[in-house]
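S.K.: Following this line is work.pdb, made up of PDB, C-alpha atoms:
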```pdb
MODEL        1
ATOM      1  CA  MET A   1     159.658  41.330  64.288  1.00  0.00           C
ATOM      2  CA  PHE A   2     155.930  41.632  64.889  1.00  0.00           C
ATOM      3  CA  GLY A   3     155.217  39.943  61.559  1.00  0.00           C
ATOM      4  CA  LEU A   4     157.176  36.937  62.826  1.00  0.00           C
ATOM      5  CA  VAL A   5     155.176  36.965  66.053  1.00  0.00           C
ATOM      6  CA  TYR A   6     151.899  37.086  64.121  1.00  0.00           C
ATOM      7  CA  ASN A   7     152.929  34.269  61.777  1.00  0.00           C
ATOM      8  CA  ALA A   8     154.292  32.156  64.621  1.00  0.00           C
ATOM      9  CA  VAL A   9     151.133  32.267  66.721  1.00  0.00           C
ATOM     10  CA  ASN A  10     148.440  32.329  64.034  1.00  0.00           C
ATOM     11  CA  PRO A  11     148.156  29.680  61.311  1.00  0.00           C
ATOM     12  CA  GLY A  12     149.278  30.957  57.955  1.00  0.00           C
ATOM     13  CA  VAL A  13     150.449  30.005  54.528  1.00  0.00           C
ATOM     14  CA  TYR A  14     153.904  28.956  55.689  1.00  0.00           C
ATOM     15  CA  GLY A  15     152.693  26.587  58.406  1.00  0.00           C
ATOM     16  CA  PHE A  16     154.104  28.317  61.475  1.00  0.00           C
ATOM     17  CA  ALA A  17     151.067  27.310  63.523  1.00  0.00           C
ATOM     18  CA  ASN A  18     152.812  24.396  65.214  1.00  0.00           C
ATOM     19  CA  ILE A  19     154.794  26.705  67.512  1.00  0.00           C
ATOM     20  CA  THR A  20     153.128  26.315  70.882  1.00  0.00           C
ATOM     21  CA  ILE A  21     154.329  29.522  72.503  1.00  0.00           C
ATOM     22  CA  GLY A  22     152.384  32.762  72.552  1.00  0.00           C
ATOM     23  CA  TYR A  23     153.092  36.431  71.957  1.00  0.00           C
ATOM     24  CA  PHE A  24     154.318  37.047  75.471  1.00  0.00           C
ATOM     25  CA  ASP A  25     156.786  34.156  75.371  1.00  0.00           C
ATOM     26  CA  ILE A  26     158.267  35.230  72.044  1.00  0.00           C
ATOM     27  CA  VAL A  27     158.657  38.866  73.092  1.00  0.00           C
ATOM     28  CA  LEU A  28     160.110  37.784  76.442  1.00  0.00           C
ATOM     29  CA  ALA A  29     162.631  35.554  74.640  1.00  0.00           C
ATOM     30  CA  TYR A  30     163.697  38.525  72.477  1.00  0.00           C
ATOM     31  CA  ILE A  31     164.121  40.746  75.545  1.00  0.00           C
ATOM     32  CA  VAL A  32     166.123  38.063  77.364  1.00  0.00           C
ATOM     33  CA  ALA A  33     168.405  37.591  74.341  1.00  0.00           C
ATOM     34  CA  ILE A  34     169.030  41.350  74.091  1.00  0.00           C
ATOM     35  CA  VAL A  35     169.724  41.842  77.805  1.00  0.00           C
ATOM     36  CA  ILE A  36     171.974  38.784  78.132  1.00  0.00           C
ATOM     37  CA  SER A  37     173.965  39.696  75.017  1.00  0.00           C
ATOM     38  CA  VAL A  38     174.614  43.250  76.231  1.00  0.00           C
ATOM     39  CA  LEU A  39     175.538  42.042  79.732  1.00  0.00           C
ATOM     40  CA  VAL A  40     177.949  39.406  78.410  1.00  0.00           C
ATOM     41  CA  ALA A  41     179.531  41.974  76.102  1.00  0.00           C
ATOM     42  CA  LEU A  42     179.997  44.383  79.008  1.00  0.00           C
ATOM     43  CA  ILE A  43     181.463  41.612  81.188  1.00  0.00           C
ATOM     44  CA  LEU A  44     183.930  40.824  78.390  1.00  0.00           C
ATOM     45  CA  ARG A  45     184.876  44.530  78.356  1.00  0.00           C
ATOM     46  CA  VAL A  46     183.418  45.417  74.985  1.00  0.00           C
ATOM     47  CA  PRO A  47     182.896  49.209  75.025  1.00  0.00           C
ATOM     48  CA  LEU A  48     179.331  50.412  75.504  1.00  0.00           C
ATOM     49  CA  LEU A  49     179.561  52.852  72.559  1.00  0.00           C
ATOM     50  CA  PRO A  50     181.937  52.920  69.574  1.00  0.00           C
ATOM     51  CA  SER A  51     184.770  55.420  69.396  1.00  0.00           C
ATOM     52  CA  LYS A  52     184.147  58.957  68.155  1.00  0.00           C
ATOM     53  CA  PRO A  53     183.325  60.131  65.523  1.00  0.00           C
ATOM     54  CA  TYR A  54     180.387  57.733  65.533  1.00  0.00           C
ATOM     55  CA  ARG A  55     179.620  58.215  61.849  1.00  0.00           C
ATOM     56  CA  TYR A  56     182.984  56.865  60.672  1.00  0.00           C
ATOM     57  CA  SER A  57     183.485  54.303  63.405  1.00  0.00           C
ATOM     58  CA  PHE A  58     183.549  50.626  62.500  1.00  0.00           C
ATOM     59  CA  ASP A  59     184.254  49.540  66.060  1.00  0.00           C
ATOM     60  CA  VAL A  60     182.051  46.998  67.771  1.00  0.00           C
ATOM     61  CA  SER A  61     180.216  47.945  70.926  1.00  0.00           C
ATOM     62  CA  ALA A  62     177.818  46.405  73.404  1.00  0.00           C
ATOM     63  CA  VAL A  63     174.903  48.398  71.988  1.00  0.00           C
ATOM     64  CA  TYR A  64     175.548  47.637  68.317  1.00  0.00           C
ATOM     65  CA  PRO A  65     175.866  44.940  66.752  1.00  0.00           C
ATOM     66  CA  THR A  66     175.656  42.607  69.767  1.00  0.00           C
ATOM     67  CA  PRO A  67     171.856  42.622  70.379  1.00  0.00           C
ATOM     68  CA  ILE A  68     171.121  42.707  66.640  1.00  0.00           C
ATOM     69  CA  ILE A  69     173.083  39.475  66.165  1.00  0.00           C
ATOM     70  CA  ALA A  70     171.283  37.901  69.136  1.00  0.00           C
ATOM     71  CA  VAL A  71     167.822  38.844  67.832  1.00  0.00           C
ATOM     72  CA  GLY A  72     168.682  37.665  64.325  1.00  0.00           C
ATOM     73  CA  ILE A  73     169.895  34.246  65.429  1.00  0.00           C
ATOM     74  CA  LEU A  74     166.924  33.827  67.791  1.00  0.00           C
ATOM     75  CA  SER A  75     164.567  34.734  64.950  1.00  0.00           C
ATOM     76  CA  LEU A  76     166.116  32.033  62.781  1.00  0.00           C
ATOM     77  CA  PHE A  77     165.503  29.437  65.482  1.00  0.00           C
ATOM     78  CA  LEU A  78     161.912  30.601  66.020  1.00  0.00           C
ATOM     79  CA  VAL A  79     161.154  30.496  62.302  1.00  0.00           C
ATOM     80  CA  LEU A  80     162.487  26.937  62.225  1.00  0.00           C
ATOM     81  CA  ASN A  81     160.055  26.096  65.076  1.00  0.00           C
ATOM     82  CA  TYR A  82     162.853  25.269  67.500  1.00  0.00           C
ATOM     83  CA  THR A  83     162.292  26.717  70.966  1.00  0.00           C
ATOM     84  CA  PHE A  84     164.323  24.156  72.986  1.00  0.00           C
ATOM     85  CA  ALA A  85     163.233  24.436  76.659  1.00  0.00           C
ATOM     86  CA  TYR A  86     161.250  26.785  78.886  1.00  0.00           C
ATOM     87  CA  ASN A  87     159.369  28.306  75.936  1.00  0.00           C
ATOM     88  CA  GLY A  88     162.539  29.554  74.295  1.00  0.00           C
ATOM     89  CA  LEU A  89     164.046  31.304  77.331  1.00  0.00           C
ATOM     90  CA  LEU A  90     166.961  28.904  77.675  1.00  0.00           C
ATOM     91  CA  LEU A  91     167.635  29.174  73.953  1.00  0.00           C
ATOM     92  CA  ALA A  92     167.536  32.985  74.224  1.00  0.00           C
ATOM     93  CA  MET A  93     170.068  32.888  77.067  1.00  0.00           C
ATOM     94  CA  ILE A  94     172.416  30.604  75.122  1.00  0.00           C
ATOM     95  CA  ILE A  95     172.153  32.792  72.031  1.00  0.00           C
ATOM     96  CA  GLY A  96     172.765  35.933  74.124  1.00  0.00           C
ATOM     97  CA  ILE A  97     175.940  34.430  75.558  1.00  0.00           C
ATOM     98  CA  PHE A  98     177.056  33.258  72.126  1.00  0.00           C
ATOM     99  CA  SER A  99     176.486  36.660  70.509  1.00  0.00           C
ATOM    100  CA  GLY A 100     178.448  38.492  73.215  1.00  0.00           C
ATOM    101  CA  VAL A 101     181.396  36.109  72.823  1.00  0.00           C
ATOM    102  CA  PHE A 102     181.128  36.285  69.020  1.00  0.00           C
ATOM    103  CA  VAL A 103     181.284  40.085  68.961  1.00  0.00           C
ATOM    104  CA  LYS A 104     184.251  40.160  71.334  1.00  0.00           C
ATOM    105  CA  TYR A 105     186.440  37.489  69.747  1.00  0.00           C
ATOM    106  CA  PHE A 106     185.223  36.509  66.254  1.00  0.00           C
ATOM    107  CA  PHE A 107     183.457  39.536  64.741  1.00  0.00           C
ATOM    108  CA  TYR A 108     186.461  40.949  62.869  1.00  0.00           C
ATOM    109  CA  PHE A 109     187.350  37.534  61.443  1.00  0.00           C
ATOM    110  CA  VAL A 110     183.908  37.181  59.889  1.00  0.00           C
ATOM    111  CA  PHE A 111     183.329  40.864  59.038  1.00  0.00           C
ATOM    112  CA  PRO A 112     186.675  42.660  58.515  1.00  0.00           C
ATOM    113  CA  SER A 113     186.706  46.434  58.916  1.00  0.00           C
ATOM    114  CA  PRO A 114     187.214  48.477  55.733  1.00  0.00           C
ATOM    115  CA  ASP A 115     190.457  50.276  54.956  1.00  0.00           C
ATOM    116  CA  MET A 116     189.819  53.831  56.148  1.00  0.00           C
ATOM    117  CA  GLY A 117     192.656  55.726  54.433  1.00  0.00           C
ATOM    118  CA  GLU A 118     193.971  59.135  55.506  1.00  0.00           C
ATOM    119  CA  ASP A 119     191.144  61.448  54.384  1.00  0.00           C
ATOM    120  CA  VAL A 120     188.295  60.287  56.615  1.00  0.00           C
ATOM    121  CA  ASN A 121     187.300  63.765  57.795  1.00  0.00           C
ATOM    122  CA  GLU A 122     186.932  65.327  54.330  1.00  0.00           C
TER     123      GLU A 122
ENDMDL
END
```
Would you write the structure of this file as structure tokens?
M.R.:
Amino acid sequence: MFGLVYNAVNPGVYGFANITIGYFDIVLAYIVAIVISVLVALILRVPLLPSKPYRYSFDVSAVYPTPIIAVGILSLFLVLNYTFAYNGLLLAMIIGIFSGVFVKYFFYFVFPSPDMGEDVNE
């Protein structure tokens, strides 16, 4: 994440220097995307933690994978030099809402859970 921040603010080989937002704005956009995605997931009644045992659980939760999806999609937009409005904050809010809805309703269609069989605890 910090490599993206460095490349986005400082001119480099890949030409990321045309982003006009600074370190603080990028980090704030990441934090907004994480907080909004977790809040939307909790509002949609996604459980905070997966079911026990945690090691063998493939359930979605508000803590994982919701903010990871939000940060990943926001990173793609920042790498493409697209910050939309308010230095990326509005984009971060939209992505946070989208990731919470995606995890609640569409996650298992895109990433199906594996067949667990009978001998999980062996």
S.K.: With a distance cut-off of 12 Å and only C-alpha atoms, select the neighbouring residues of A:Phe84, excluding the residue or stretch itself and same-chain residues fewer than 4 positions from it, and output the selection as a ChimeraX atom specification.
M.R.: /A:19-21,29,74,77-78,80,88-95
S.K.: Please evaluate the PyMOL selection byres ((chain A and resi 59) around 9) against the displayed coordinates and give the resulting residues as number ranges by chain.
M.R.: A: 49-51, 57-58, 60-61, 113
S.K.: Taking C-alpha atoms for each residue, export the selection above as a PDB file, in the frame of the given file.
M.R.:
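Saved to selection_14.pdb:
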```pdb
ATOM      1  CA  LEU A  49     179.561  52.852  72.559  1.00  0.00           C
ATOM      2  CA  PRO A  50     181.937  52.920  69.574  1.00  0.00           C
ATOM      3  CA  SER A  51     184.770  55.420  69.396  1.00  0.00           C
ATOM      4  CA  SER A  57     183.485  54.303  63.405  1.00  0.00           C
ATOM      5  CA  PHE A  58     183.549  50.626  62.500  1.00  0.00           C
ATOM      6  CA  VAL A  60     182.051  46.998  67.771  1.00  0.00           C
ATOM      7  CA  SER A  61     180.216  47.945  70.926  1.00  0.00           C
ATOM      8  CA  SER A 113     186.706  46.434  58.916  1.00  0.00           C
TER       9      SER A 113
END
```
S.K.: Could you tell me how far atom CA of A:Ile34 sits from atom CA of A:Pro47, in Å to one decimal place?
M.R.: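 Value for the atom CA of A:Pro47-atom CA of A:Ile34 distance: 16.0 Å.
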S.K.: Rank A:Ser75, A:Asn81, A:Ser37, A:Asn87 by their smallest atom-to-atom distance to A:Val103, using all atoms listed in the file, and report the top residue only.
M.R.: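 Closest candidate: A:Ser37.
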S.K.: If we count only C-alpha atoms and set the cut-off at 9 Å, which residues sit around A:Arg45, ignoring sequence neighbours fewer than 3 positions away in its own chain? Please answer as a list in words.
M.R.: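 Near neighbours after the sequence-gap exclusion: Val40, Ala41, Leu42, Leu48, Ala62 and Lys104 of chain A.
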S.K.: I need the chosen residues saved as a tab-separated table (two decimals), keeping the file's coordinate frame, with C-alpha atoms.
M.R.:
```
chain	number	residue	atom	x	y	z
A	40	VAL	CA	177.95	39.41	78.41
A	41	ALA	CA	179.53	41.97	76.10
A	42	LEU	CA	180.00	44.38	79.01
A	48	LEU	CA	179.33	50.41	75.50
A	62	ALA	CA	177.82	46.40	73.40
A	104	LYS	CA	184.25	40.16	71.33
```
S.K.: Given all atoms listed in the file as the basis, pick out the residue of A:Val101, A:Val79, A:Pro114, A:Ala85 nearest to A:Ile43.
M.R.: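 Ranking A:Val101, A:Val79, A:Pro114, A:Ala85 by distance to A:Ile43, first place goes to A:Val101.
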S.K.: Could you tell me how far atom CA of A:Val63 lies from atom CA of A:Tyr105, in Å and to one decimal?
M.R.: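 Atom-to-atom, atom CA of A:Val63 to atom CA of A:Tyr105, that is 16.0 Å.
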S.K.: Just the number, please: distance in Å from atom CA of A:Gly96 to atom CA of A:Ile36, one decimal.
M.R.: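 For atom CA of A:Gly96 relative to atom CA of A:Ile36, the distance reads 5.0 Å.
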S.K.: Using all atoms listed in the file, pick whichever of A:Leu76, A:Gly100, A:Val71, A:Thr83 has the shortest atom-to-atom distance to A:Val38.
M.R.: A:Gly100
